[in-house]
Amino acid sequence: MRRSRFPSTDDTHINWRVFAKLWPYLLEFKQRVALALLCLIGAKIASIGLPFVLKHTVDSLNIDSTADALLTVPLALIVAYGVLRLANVLFGEIRDTLFGRVTERAMRRLGLTVFDHLHRLDLDFHLNRQTGGLARDIERGTSGISFLMRFLVFNIGPTLLEIILVVGVLIHQYGARFGLTILIAVILYVGFSVKATDWRTRFVREMNQADSTTNSRAIDSLLNYETVKYFNNEQFEAARYDTNLAGWEQARRKNRLSLFALNGGQAFIIAAAMTSMMAMAALGVANGDMTIGDFVLINAFTMQIFMPLNFLGFVYREIRGSLANIENLFNLLEKTPNVTDTANAAALNISQARISFDNVDFHYREDRPILKNLSFTIEPGQKVAVVGESGAGKSTLVKLLFRFYDVTSGAISIDGQDIRQVTQQSLRKTIGIVPQDTVLFNDTILENVRYGNPQASDDDVMQAIKLAHLDAFVTSLPGGVATTVGERGLKLSGGEKQRVAIARTILKKPPILVFDEATSSLDSQSEKAILTALREIAKGHSSLVIAHRLSTIIDADNIVVLSNGQVAEQGTHSQLLAQRGVYAALWNAQQHQQEDS
């Protein structure tokens, strides 16, 4: 797995590459973005005009308070004030509505991108992931990206523009001291917010990490509910969960205290600046240099500028938090799987379904080889079984055939085509599997069987259920095929889940079949029924059977015996017994076990 090109975001620098990643999502609706920007400009014009209308209204009322005056100039100004206020709000709402579609589509696109990417990552990644923490990282990352797209475009830029316009107006109308007071306050506020937010970002990280750890602990424990019950470890799990919660509580407390320090400093700067502005304006009115309307205008502008300024501080804090949240999300997108299609990969072309393992070597770790110089062939229509002691590498063959991993050396080919040179999708489309542990979705039996071919009709699904000898069981259920199987199929027995897996494979109609110890966990009666169904669906197909119980594969056309990752011997059941080698020893051991039981 290659490292992400995104370096880890530290506590003092913003990872600007994130914004470059977001830009394409904004460009999908160019016209909407342009209209939203026009509404933004209209809202800002209306916002800047409000204090001037308020000033002239107050001055008119102060100079001439006769009835005729109240019915003419001030009334018109009051109406104008109302119109500008309404325009400011309406333009803002229209802007948000227009850009909302952009944001929602971006979230949809990004969510789908992450989902697809996770399914493209290889098995090694998913064996090492923590589901709860991963889900929480994706959720926080998607929300953070939504925040960035919305507020960065329509809040930070416009707020800075409004500050510049207001400072310019104050300097032009009332002199440098008013403009400089605001400007100095803005600089102090922004500088303090940036430094304080950079300081407290590490507390946000600690809180998120504690949150992910706690969530992972809870989900992992609940997914293994039965194991917890078997070993009477409810209190042990609760203690571990409480330890994680204590870390989360401590992280939350640090985050809350750091936020108090940040908000307190910002409030002090705003209060000092507003007090200074109002004192200077009041002194100007007292000296006769300014009117009451000027006092009101400066008060309105000061409040108007500090409202977005305060919001700017909030947005910056959220951006820092959002960047911390989406860092893991983008790192996920930058991960590349070890197993990828070649640039010129073609679709697998099946003519006979002849499978060859040629001098295959494989290891998960270099210091621990799993398969060594392994060679055997499954001829068209043959049933070939692979047996051997635990750890011999039997199930690894299935992972290599599905290309969850690539061989270290040697090759696996189907009809003469190296599976590394064909697309993974076409390869897996041609192989059906009945695994040892059938995991079902928390859905109905009908939909779990239909998963073998999502386009299949209900009639096709029912036919597959019948061929898998699952129909009698389904008929006995009150809900029939509409019965929900529970999370991971926990409401069904092992044999019932195996029949669902067989029905799925029948519905898929693949030319190659794989049975990975499909009956190892079943009782004798269930095993017999399942074996009957397996033999029926294997007719005319090339099939690979990974077996633990040798009695299930005595009819195999060829039996490959693995020992320490190598082919120890191969042949039919009778041939191997006659050799009195590894297979014969395994057979005799299992026969004695059955007699003793």
# chains A, B, ... in the order shown; residues from 1 in each chain; ligands from 1
$ residues_around --residues "stretch 221-230 of chain A" --least-positions-apart "2" --cutoff "12 Å" --atoms "only C-alpha atoms" --output "list of chain:residue names"
A:Gln130, A:Thr131, A:Gly132, A:Thr214, A:Asn215, A:Ser216, A:Arg217, A:Ala218, A:Ile219, A:Asn232, A:Asn233, A:Glu234, A:Gln235, A:Phe236, A:Glu237, A:Ala238, A:Ala239, A:Arg240, A:Tyr241, A:Glu487, A:Arg488, A:Leu490
$ residues_around --residues "stretch 506-517 of chain A" --least-positions-apart "6" --cutoff "6 Å" --atoms "only C-alpha atoms" --output "ChimeraX atom specification"
/A:430-436,452-453,464,541-547
$ closest_residue --among "A:Gly393, A:Tyr316, A:Asp289, A:Arg580" --to "A:Arg368" --atoms "only C-alpha atoms"
A:Gly393
$ select_by_dssp --residues "stretch 238-425 of chain A" --states "alpha helix (DSSP H)" --output "ChimeraX atom specification"
/A:238-286,292-334,394-401,424-425
$ residues_around --residues "A:Gly388" --least-positions-apart "3" --cutoff "12 Å" --atoms "only C-alpha atoms" --output "ChimeraX atom specification"
/A:385,391-395,517,546-550,559-570,582-587
